[in-house]
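Colleague: What follows is work25.txt, made up of compact mmCIF, C-alpha atoms:
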# COMPACT_ATOMS: atom_id res chain seq x y z
CA MET A 692 39.70 11.62 -19.46
CA MET A 693 43.23 12.01 -20.81
CA ASP A 694 44.46 13.53 -24.05
CA ALA A 695 45.81 11.37 -26.87
CA LYS A 696 49.45 12.25 -26.16
CA MET A 697 49.15 11.39 -22.45
CA LYS A 698 47.35 8.13 -23.28
CA GLY A 699 50.11 7.19 -25.72
CA MET A 700 52.83 7.95 -23.16
CA VAL A 701 51.10 5.93 -20.41
CA MET A 702 50.64 2.95 -22.75
CA ALA A 703 54.26 3.23 -23.96
CA ALA A 704 55.57 3.34 -20.38
CA MET A 705 53.49 0.30 -19.38
CA SER A 706 54.60 -1.63 -22.47
CA ALA A 707 58.24 -0.79 -21.74
CA LEU A 708 57.81 -1.96 -18.13
CA CYS A 709 56.12 -5.12 -19.41
CA LEU A 710 59.13 -5.69 -21.68
CA VAL A 711 61.81 -5.12 -19.01
CA LEU A 712 60.06 -7.01 -16.22
CA GLY A 713 59.16 -9.81 -18.64
CA ILE A 714 62.80 -10.33 -19.63
CA MET A 715 63.94 -10.23 -15.99
CA GLY A 716 61.21 -12.68 -15.01
CA ALA A 717 61.82 -15.10 -17.87
CA MET A 718 65.58 -15.18 -17.22
CA GLY A 719 65.27 -15.21 -13.43
CA SER A 720 66.13 -18.18 -11.24
CA THR A 721 63.74 -17.49 -8.35
CA TRP A 722 60.29 -18.43 -9.68
CA LEU A 723 60.10 -20.67 -6.63
CA VAL A 724 61.86 -20.31 -3.28
CA PRO A 725 61.55 -22.40 -0.08
CA ASP A 726 58.70 -21.55 2.31
CA GLU A 727 61.13 -21.41 5.21
CA GLU A 728 64.75 -20.30 5.34
CA MET A 729 67.17 -23.22 5.31
CA GLU A 730 70.11 -22.90 7.67
CA GLY A 731 73.38 -22.46 5.80
CA MET A 732 71.81 -22.86 2.38
CA ASP A 733 69.94 -20.84 -0.24
CA ALA A 734 67.81 -22.61 -2.84
CA GLY A 735 65.29 -21.90 -5.54
CA ALA A 736 64.00 -22.84 -8.96
CA GLY A 737 63.67 -21.07 -12.27
CA LEU A 738 61.52 -22.20 -15.18
CA THR A 739 63.90 -24.91 -16.37
CA SER A 740 66.18 -25.79 -13.45
CA GLN A 741 66.61 -25.77 -9.70
CA TRP A 742 69.64 -24.62 -7.72
CA ALA A 743 71.12 -24.59 -4.25
CA GLU A 744 73.96 -22.52 -2.80
CA MET A 745 75.95 -23.20 0.36
CA ASP A 746 79.21 -22.27 2.05
CA ALA A 747 81.54 -25.27 1.93
CA GLY A 748 83.87 -23.74 4.52
CA SER A 749 86.93 -23.34 2.30
CA ALA A 750 87.81 -23.09 -1.39
CA GLU A 751 89.58 -26.48 -1.26
CA MET A 752 86.56 -28.21 0.28
CA CYS A 753 84.28 -26.51 -2.27
CA ASP A 754 86.40 -27.74 -5.20
CA MET A 755 86.40 -31.26 -3.78
CA MET A 756 82.60 -31.28 -3.33
CA ALA A 757 82.07 -29.83 -6.81
CA ASP A 758 84.21 -32.57 -8.37
CA ASN A 759 82.13 -35.22 -6.59
CA MET A 760 78.86 -33.71 -7.85
CA ASP A 761 79.68 -33.50 -11.55
CA ASP A 762 77.37 -36.42 -12.35
CA GLU A 763 74.39 -34.78 -10.65
CA GLY A 764 74.30 -31.48 -12.58
CA ASP A 765 76.50 -28.39 -12.68
CA ALA A 766 78.50 -27.49 -9.58
CA GLU A 767 80.58 -24.30 -9.44
CA CYS A 768 82.71 -22.68 -6.77
CA ASP A 769 83.22 -19.01 -6.03
CA GLY A 770 85.77 -19.15 -3.25
CA SER A 771 84.11 -21.32 -0.61
CA MET A 772 80.58 -20.77 -2.00
CA LEU A 773 79.28 -23.84 -3.83
CA THR A 774 76.41 -23.45 -6.31
CA MET A 775 74.71 -26.57 -7.64
CA THR A 776 72.31 -26.41 -10.60
CA VAL A 777 70.36 -29.24 -12.19
CA SER A 778 67.79 -29.01 -14.98
CA PHE A 779 64.32 -30.49 -14.58
CA SER A 780 64.71 -32.35 -17.88
CA ASP A 781 67.83 -34.12 -16.55
CA LEU A 782 65.97 -35.10 -13.37
CA CYS A 783 63.07 -36.28 -15.54
CA ASP A 784 65.45 -38.45 -17.59
CA ALA A 785 66.63 -39.94 -14.29
CA GLY A 786 63.06 -41.09 -13.60
CA ASP A 787 61.64 -38.32 -11.38
CA ASP A 788 57.99 -37.86 -12.46
CA GLU A 789 57.53 -34.55 -10.59
CA SER A 790 60.54 -33.14 -12.45
CA CYS A 791 58.95 -34.22 -15.75
CA ASP A 792 55.91 -32.09 -14.84
CA MET A 793 58.20 -29.22 -13.86
CA ALA A 794 60.10 -29.54 -17.16
CA THR A 795 56.82 -29.42 -19.13
CA GLY A 796 55.52 -26.49 -17.08
CA GLY A 797 58.85 -24.70 -17.50
CA MET A 798 58.67 -25.13 -21.27
CA ILE A 799 55.11 -23.71 -21.36
CA GLY A 800 56.16 -20.83 -19.11
CA THR A 801 59.29 -20.09 -21.13
CA ILE A 802 57.43 -20.04 -24.47
CA GLY A 803 54.62 -17.87 -23.04
CA MET A 804 56.99 -15.39 -21.38
CA TRP A 805 59.30 -14.94 -24.38
CA ALA A 806 56.39 -14.71 -26.84
CA GLY A 807 54.91 -12.01 -24.59
CA VAL A 808 58.28 -10.25 -24.43
CA LEU A 809 58.46 -10.15 -28.25
CA CYS A 810 54.95 -8.65 -28.41
CA ALA A 811 55.91 -6.09 -25.75
CA LEU A 812 59.04 -5.20 -27.74
CA LEU A 813 56.99 -4.65 -30.91
CA ILE A 814 54.45 -2.48 -29.07
CA THR A 815 57.09 -0.46 -27.24
CA LEU A 816 58.97 0.28 -30.48
CA THR A 817 55.71 1.13 -32.29
CA MET A 818 54.83 3.66 -29.60
CA VAL A 819 58.21 5.08 -28.60
CA LEU A 820 59.94 5.51 -31.98
CA PRO A 821 57.31 7.93 -33.40
CA MET A 822 57.69 10.04 -30.24
CA ALA A 823 61.38 10.32 -31.13
CA GLY A 824 60.53 11.23 -34.73
CA VAL A 825 61.52 7.85 -36.17
CA ASP A 826 59.01 6.35 -38.61
CA ALA A 827 60.68 2.91 -38.91
CA MET A 828 57.61 1.14 -37.49
CA ASP A 829 55.06 2.76 -39.80
CA ALA A 830 55.14 -0.31 -42.06
CA VAL A 831 53.77 -2.55 -39.29
CA PRO A 832 50.10 -3.34 -40.10
CA GLU A 833 47.58 -1.97 -37.61
CA MET A 834 46.17 -5.48 -37.09
CA ALA A 835 49.60 -6.77 -36.04
CA THR A 836 49.92 -3.93 -33.54
CA LYS A 837 46.47 -4.68 -32.13
CA VAL A 838 47.23 -8.40 -31.76
CA ALA A 839 50.61 -7.65 -30.13
CA THR A 840 48.99 -5.15 -27.72
CA TRP A 841 46.82 -7.90 -26.25
CA GLY A 842 49.37 -10.63 -26.90
CA ALA A 843 52.07 -9.20 -24.60
CA GLY A 844 50.07 -9.67 -21.39
CA ALA A 845 47.88 -12.55 -22.58
CA LEU A 846 50.77 -14.79 -23.68
CA MET A 847 52.59 -14.18 -20.39
CA LEU A 848 49.37 -15.04 -18.55
CA VAL A 849 49.00 -18.30 -20.51
CA GLY A 850 52.66 -19.14 -19.84
CA MET A 851 52.35 -18.47 -16.10
CA LEU A 852 49.09 -20.42 -15.80
CA GLY A 853 50.55 -23.36 -17.75
CA TRP A 854 53.61 -23.34 -15.48
CA TYR A 855 51.50 -23.04 -12.31
CA MET A 856 49.17 -25.90 -13.29
CA MET A 857 52.12 -28.25 -13.77
CA LEU A 858 53.54 -27.59 -10.28
CA PRO A 859 53.43 -30.71 -8.07
CA ASP A 860 50.92 -30.71 -5.21
CA GLY A 861 52.09 -30.18 -1.67
CA GLY A 862 55.43 -28.59 -2.51
CA GLU A 863 57.21 -26.61 0.20
CA MET A 864 58.02 -23.76 -2.19
CA THR A 865 56.45 -20.35 -2.64
CA LEU A 866 56.49 -17.80 -5.47
CA GLY A 867 59.83 -15.96 -5.61
CA MET A 868 61.00 -12.61 -7.01
CA SER A 869 61.24 -13.79 -10.65
CA GLY A 870 57.67 -15.10 -10.49
CA TRP A 871 56.43 -11.79 -9.05
CA MET A 872 58.28 -9.87 -11.80
CA ALA A 873 56.62 -12.05 -14.44
CA GLY A 874 53.24 -11.38 -12.82
CA ALA A 875 53.92 -7.64 -12.79
CA ALA A 876 54.99 -7.76 -16.45
CA MET A 877 51.80 -9.61 -17.37
CA SER A 878 49.70 -7.05 -15.45
CA MET A 879 51.45 -4.14 -17.19
CA GLY A 880 50.89 -5.74 -20.61
CA LEU A 881 47.19 -6.35 -20.00
CA GLY A 882 46.81 -2.92 -18.35
CA SER A 883 48.26 -1.17 -21.39
CA ALA A 884 45.91 -3.11 -23.70
CA LEU A 885 42.88 -2.28 -21.53
CA ILE A 886 43.76 1.43 -21.50
CA GLY A 887 44.14 1.35 -25.30
CA GLN A 888 40.80 -0.41 -25.74
CA PHE A 889 38.53 1.18 -23.18
CA ILE A 890 39.82 4.62 -22.17
CA GLU A 891 38.81 7.35 -24.58
CA ALA A 892 41.32 10.08 -25.31
CA ASP A 893 40.56 13.75 -26.00
CA GLU A 894 41.85 14.78 -29.36
Give the structure from this file in structure tokens form.

Modeller:
Amino acid sequence: MMDAKMKGMVMAAMSALCLVLGIMGAMGSTWLVPDEEMEGMDAGAGLTSQWAEMDAGSAEMCDMMADNMDDEGDAECDGSMLTMTVSFSDLCDAGDDESCDMATGGMIGTIGMWAGVLCALLITLTMVLPMAGVDAMDAVPEMATKVATWGAGALMLVGMLGWYMMLPDGGEMTLGMSGWMAGAAMSMGLGSALIGQFIEADE
């Protein structure tokens, strides 16, 4: 049993973590990473694009390679380090069916994650501002707060499941740091809602 103040602080902390991790996950570029390390190259995929990074040996060689790759996506040099990025929708337009699935899954994941982030923001402000003596959120209807409490984690869960179900079979990629952050954010959001719903607080 915890008192009402402690319960509120725990839920606020979990909602804030859900918010921060959700933003980092949604914006991250490592939802997927290769199963095995590739020699001389890093690679990964976010929700909407995939990327690869390699050392071209020299800045001049990097610039030359980047110029030759302009038609295949974005290529940028940082000294001799070449980073290539291409969106799944561009690959889909080029006729790659797997990339079309990835683009659709990425859209579902992006919508779910950002909708969850907005709910987490609303909940965090609703809980934290009164603790600081600010009553700006008092006008928010209780029903909206209740929906957002469950919505933060649930929308992220829907987004992640939608993204996961659209992944092609037999890929040689595994869940990366951004994906784990999104999962942690979703868990925090649902955990906060469950505490609010099922754990009684002493007055």

Colleague: So which residues touch Met772 in chain A within 10 Å, counting only C-alpha atoms, skipping near sequence neighbours fewer than 4 positions away, as a count of residues only?

Modeller: 12

Colleague: Smallest atom-to-atom distance to Ala806 in chain A: which of A:Ala766, A:Thr836, A:Gly713, A:Leu858, using only C-alpha atoms?

Modeller: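 Checking each of A:Ala766, A:Thr836, A:Gly713, A:Leu858 against Ala806 in chain A, counting only C-alpha atoms, the winner is A:Gly713.
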
Colleague: With 12 Å as the cut-off and only C-alpha atoms counted, what is the closest atom pair between each nearby residue of range 797-873 of chain A and range 782-789 of chain A? Distances in Å to one decimal, ordered by chain and number, as CSV.

Modeller:
residue,atom,partner,partner_atom,distance
A:Met857,CA,A:Glu789,CA,8.9
A:Leu858,CA,A:Glu789,CA,8.0
A:Pro859,CA,A:Glu789,CA,6.2
A:Asp860,CA,A:Glu789,CA,9.3
A:Gly861,CA,A:Glu789,CA,11.3
A:Gly862,CA,A:Glu789,CA,10.3

Colleague: Mind giving me the straight-line distance from CA of Cys709 in chain A to CA of Asp733 in chain A in Å, one decimal?

Modeller: 28.4 Å

Colleague: Counting only C-alpha atoms, which of A:Met718, A:Ile802, A:Ile814, A:Leu712 gets nearest to Gly874 in chain A?

Modeller: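 Distance minimum relative to Gly874 in chain A lands on A:Leu712.
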
Colleague: Between A:Asp726, A:Ala734, A:Ser706, A:Gln888, which is the closest to Leu816 in chain A once you count only C-alpha atoms?

Modeller: A:Ser706

Colleague: When you draw a straight line from CA of Gly867 in chain A to CA of Ser778 in chain A, how long is it in Å?

Modeller: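 CA of Gly867 in chain A sits 17.9 Å away from CA of Ser778 in chain A.
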
Colleague: Kindly indicate which residue among A:Met732, A:Met793, A:Met693, A:Leu809 lies nearest to Gly842 in chain A, using all atoms listed in the file for the distances.

Modeller: A:Leu809

Colleague: Go through A:Lys696, A:Met818, A:Ala843, A:Gly880 and flag the residue nearest Val831 in chain A, using only C-alpha atoms for the distances.

Modeller: A:Met818

Colleague: One decimal, in Å: what's the spacing between CA of Asp694 in chain A and CA of Ala811 in chain A?

Modeller: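 It comes out at 22.8 Å.
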
Colleague: Given the choices A:Gly870, A:Pro832, A:Gly844, A:Pro821, which gets closest to Ala884 in chain A if the distance is worked out from only C-alpha atoms?

Modeller: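 Closest residue, counting only C-alpha atoms: A:Gly844.
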
Colleague: Please list as a PyMOL selection string every residue within 6 Å of Leu723 in chain A, counting all atoms listed in the file and excluding residues in the same chain fewer than 4 positions away.

Modeller: chain A and resi 735-736+864-867

Colleague: Reconstruct all heavy atoms of range 786-797 of chain A from the incomplete input and present them as an mmCIF file, in the frame of the given file.

Modeller:
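Okay, this is what ended up in out_2.cif:
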data_model
loop_
_atom_site.group_PDB
_atom_site.id
_atom_site.type_symbol
_atom_site.label_atom_id
_atom_site.label_comp_id
_atom_site.auth_asym_id
_atom_site.auth_seq_id
_atom_site.Cartn_x
_atom_site.Cartn_y
_atom_site.Cartn_z
ATOM 1 N N GLY A 786 64.222 -40.355 -14.097
ATOM 2 C CA GLY A 786 63.060 -41.090 -13.600
ATOM 3 C C GLY A 786 62.221 -40.385 -12.562
ATOM 4 O O GLY A 786 61.365 -40.998 -11.923
ATOM 5 N N ASP A 787 62.420 -39.073 -12.362
ATOM 6 C CA ASP A 787 61.640 -38.320 -11.380
ATOM 7 C C ASP A 787 60.402 -37.715 -12.064
ATOM 8 O O ASP A 787 60.509 -36.761 -12.840
ATOM 9 C CB ASP A 787 62.516 -37.211 -10.774
ATOM 10 C CG ASP A 787 61.788 -36.425 -9.686
ATOM 11 O OD1 ASP A 787 60.577 -36.637 -9.501
ATOM 12 O OD2 ASP A 787 62.437 -35.600 -9.013
ATOM 13 N N ASP A 788 59.213 -38.288 -11.771
ATOM 14 C CA ASP A 788 57.990 -37.860 -12.460
ATOM 15 C C ASP A 788 57.632 -36.402 -12.178
ATOM 16 O O ASP A 788 57.165 -35.690 -13.063
ATOM 17 C CB ASP A 788 56.805 -38.752 -12.039
ATOM 18 C CG ASP A 788 56.929 -40.153 -12.620
ATOM 19 O OD1 ASP A 788 57.697 -40.315 -13.586
ATOM 20 O OD2 ASP A 788 56.276 -41.076 -12.100
ATOM 21 N N GLU A 789 57.843 -35.950 -10.926
ATOM 22 C CA GLU A 789 57.530 -34.550 -10.590
ATOM 23 C C GLU A 789 58.387 -33.600 -11.420
ATOM 24 O O GLU A 789 57.921 -32.547 -11.850
ATOM 25 C CB GLU A 789 57.758 -34.298 -9.094
ATOM 26 C CG GLU A 789 56.625 -34.795 -8.225
ATOM 27 C CD GLU A 789 56.714 -34.280 -6.799
ATOM 28 O OE1 GLU A 789 57.683 -33.556 -6.490
ATOM 29 O OE2 GLU A 789 55.810 -34.599 -6.009
ATOM 30 N N SER A 790 59.650 -33.992 -11.645
ATOM 31 C CA SER A 790 60.540 -33.140 -12.450
ATOM 32 C C SER A 790 60.107 -33.118 -13.911
ATOM 33 O O SER A 790 60.309 -32.120 -14.607
ATOM 34 C CB SER A 790 61.986 -33.634 -12.340
ATOM 35 O OG SER A 790 62.459 -33.433 -11.027
ATOM 36 N N CYS A 791 59.485 -34.208 -14.379
ATOM 37 C CA CYS A 791 58.950 -34.220 -15.750
ATOM 38 C C CYS A 791 57.838 -33.183 -15.875
ATOM 39 O O CYS A 791 57.764 -32.452 -16.874
ATOM 40 C CB CYS A 791 58.414 -35.605 -16.110
ATOM 41 S SG CYS A 791 59.693 -36.870 -16.203
ATOM 42 N N ASP A 792 56.971 -33.110 -14.839
ATOM 43 C CA ASP A 792 55.910 -32.090 -14.840
ATOM 44 C C ASP A 792 56.507 -30.691 -14.791
ATOM 45 O O ASP A 792 56.043 -29.780 -15.480
ATOM 46 C CB ASP A 792 54.982 -32.282 -13.629
ATOM 47 C CG ASP A 792 54.121 -33.536 -13.746
ATOM 48 O OD1 ASP A 792 53.992 -34.055 -14.867
ATOM 49 O OD2 ASP A 792 53.601 -33.993 -12.718
ATOM 50 N N MET A 793 57.540 -30.521 -13.965
ATOM 51 C CA MET A 793 58.200 -29.220 -13.860
ATOM 52 C C MET A 793 58.862 -28.819 -15.173
ATOM 53 O O MET A 793 58.840 -27.659 -15.575
ATOM 54 C CB MET A 793 59.257 -29.240 -12.745
ATOM 55 C CG MET A 793 58.686 -29.370 -11.340
ATOM 56 S SD MET A 793 57.760 -27.918 -10.800
ATOM 57 C CE MET A 793 59.075 -26.750 -10.467
ATOM 58 N N ALA A 794 59.458 -29.808 -15.871
ATOM 59 C CA ALA A 794 60.100 -29.540 -17.160
ATOM 60 C C ALA A 794 59.059 -29.099 -18.190
ATOM 61 O O ALA A 794 59.271 -28.149 -18.959
ATOM 62 C CB ALA A 794 60.854 -30.772 -17.644
ATOM 63 N N THR A 795 57.901 -29.782 -18.197
ATOM 64 C CA THR A 795 56.820 -29.420 -19.130
ATOM 65 C C THR A 795 56.283 -28.035 -18.804
ATOM 66 O O THR A 795 56.105 -27.192 -19.688
ATOM 67 C CB THR A 795 55.673 -30.454 -19.047
ATOM 68 O OG1 THR A 795 56.195 -31.752 -19.308
ATOM 69 C CG2 THR A 795 54.587 -30.137 -20.061
ATOM 70 N N GLY A 796 56.009 -27.806 -17.501
ATOM 71 C CA GLY A 796 55.520 -26.490 -17.080
ATOM 72 C C GLY A 796 56.513 -25.389 -17.394
ATOM 73 O O GLY A 796 56.134 -24.300 -17.830
ATOM 74 N N GLY A 797 57.800 -25.681 -17.197
ATOM 75 C CA GLY A 797 58.850 -24.700 -17.500
ATOM 76 C C GLY A 797 58.893 -24.355 -18.977
ATOM 77 O O GLY A 797 59.103 -23.192 -19.347
#
